[in-house]
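Taking it in order: structure first as structure tokens, then the write-up.
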Amino acid sequence: MVELTEQNISEIEVLIEARGVEMKELSYDLVDHVCCMIETKMEEGKSYTSALEESIASFGKNGIRNIQEETTFLLTKNILAMRKTMHITGITAATLLLLGSIFKIQHWPGAALMYVLGGISLCLLFMPLFLAVRIKEKPGKLSTISNIVGMLGGIALCLGILFKIMHWPFASILMNSGGVLLILIFLPLYIYQAAKTRQLKTSTLVPIIVAVAGFSLMFSLVRLQSSQNVRTSRGNYHNNINQNTESTLNLNTLLISEIENDSTINQNVVNNINQLALSINNLSDDINWKFIKSTLAEYTDEEIKNKESTDFENFSNTMGMLNSIQNNEEGLPQLFKLIDEYKTAYTKITGAEPNLLINNNFEYYLDTQSDMFAFRFVLRDINLLNLQIQQLHTGLLQYYKGKVS
């Protein structure tokens, strides 16, 4: 079997490059192909020189150069298609996240779905496509490693933020992992690469400063809040709900007294819906006490109130039995039955559906069997729902008062 010498292979490499082949990978493939052609012809009895001339001539006058141009075109076309797809997914992700934020602020339905679709588009489509485009541009080994680490860190961080917004588990792990990759691995590689290529200028320093400052601020917001502030805010939030509910009930009582003797108003209708609102308030209080008593049965009512006011942090973290509030007659099912009746009566009077936001946690509270849940979540959700009903009722009574006036 005929084999070419190292000198022969070097000559072929020079000839291939001389005909306009600049891409190294393509050059290696063409050299290997030409060598095989020459060896085949030499086995047929031809000399190396004539076999080389015939093999090169078989490509035509500009054949090898055309191969280079066609390969470049195909690669460029592929990258352009990827870039176009990347741009579309990026714009889509940014639009969905922006709309999700607007819907969240306005308390409109669909915000969670937009957040999820936008986050998935950003993390699982846009970022991987961006990384693929960067790798296809062949920036070098160090830059490729830096891009991969940076993209993995960015994906983990963005997913962590999405999980945090959606209250899904592992949000903190994802955010911390992404931060570690970006700050401790990606940034050092980025700085080293810039310094090595003597490009450590303003265009390089500004992204570094912004990245470090931004992550530091985010970390301080998420992690560095003092436990005392958290305890205080929880207690204040709980007290504010109770105070707002009490003041709303007092206002409703006043409004009822102002319209109860007016003959132009159907008093039976007003009394019925007012009784529904009061029943919802009373049942909400009863459900809260049942949930508290499910694990604090040995305490008196006064002791529980004292514990709630003086040591709210430990009180709010106490676990209650969910099955204690799932009774159809005196639990959450009855509460939602009364709320549905109130909504129907409200719509019949005003001609409009009441704007009532119901926490998804209630599905868990109703369906979970023999499970424990912290006081602060269950009491918060029940009290907020009751407050919404009482405030809706205030608007309805003011509607009647306007008729009287």
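Labels used: A, B, ... for chains in the order of the structure tokens, numbers from 1 for residues in each chain, and numbers from 1 for ligands as shown.
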
Quick one: everything within 10 Å of range 125-136 of chain A, counting only C-alpha atoms, minus sequence neighbours fewer than 3 positions away in the same chain. Send it as a count of residues only.
35

Write out as JSON, numbers by chain which residues come within 10 Å of Gln388 in chain A when counting only C-alpha atoms, dropping same-chain ones fewer than 3 positions away.
{"A": [245, 248, 354, 355, 356, 357, 358, 383, 384, 385, 391, 392, 393, 394]}

As an exercise, work out the distance from CA of Asn361 in chain A to CA of Asn242 in chain A in Å and give it to one decimal place.
19.9 Å

Could you pull out the alpha helix (DSSP H) residues of range 102-333 of chain A, going by DSSP on the backbone, and write them as JSON, numbers by chain?
{"A": [102, 103, 104, 105, 106, 111, 112, 113, 114, 115, 116, 117, 118, 119, 120, 127, 128, 129, 130, 131, 132, 133, 134, 135, 136, 141, 142, 143, 144, 145, 146, 147, 148, 149, 150, 151, 152, 153, 154, 155, 156, 157, 158, 159, 160, 161, 162, 163, 164, 165, 166, 171, 172, 173, 174, 175, 176, 177, 178, 179, 180, 187, 188, 189, 190, 191, 192, 193, 194, 195, 196, 202, 203, 204, 205, 206, 207, 208, 209, 210, 211, 212, 213, 214, 215, 216, 217, 218, 219, 220, 221, 222, 223, 227, 228, 229, 230, 231, 232, 233, 234, 235, 236, 237, 238, 239, 240, 241, 242, 243, 244, 245, 246, 247, 248, 249, 250, 251, 252, 253, 254, 255, 256, 257, 258, 259, 267, 268, 269, 270, 271, 272, 273, 274, 275, 276, 277, 278, 279, 280, 281, 282, 283, 284, 285, 286, 287, 288, 289, 290, 291, 292, 293, 301, 302, 303, 304, 305, 306, 307, 308, 309, 310, 312, 313, 314, 315, 316, 317, 332, 333]}

At what distance in Å, to one decimal, does CA of Gly178 in chain A lie from CA of Gly118 in chain A?
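Interatomic distance here is 18.5 Å.
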
Could I get the residues of range 129-203 of chain A with an atom no further than 10 Å from an atom of range 106-115 of chain A, each paired with its nearest atom pair and that distance in Å to one decimal, using only C-alpha atoms, sorted by chain and residue number, as a tab-separated table?
```
residue	atom	partner	partner_atom	distance
A:Leu162	CA	A:Tyr115	CA	7.2
A:Phe163	CA	A:Tyr115	CA	9.9
A:Ile165	CA	A:Tyr115	CA	8.4
A:Met166	CA	A:Ala112	CA	7.2
```

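Distance check against Phe336 in chain A using only C-alpha atoms: of A:Leu283, A:Leu387, A:Thr350, A:Glu313, the minimum falls on A:Leu283.
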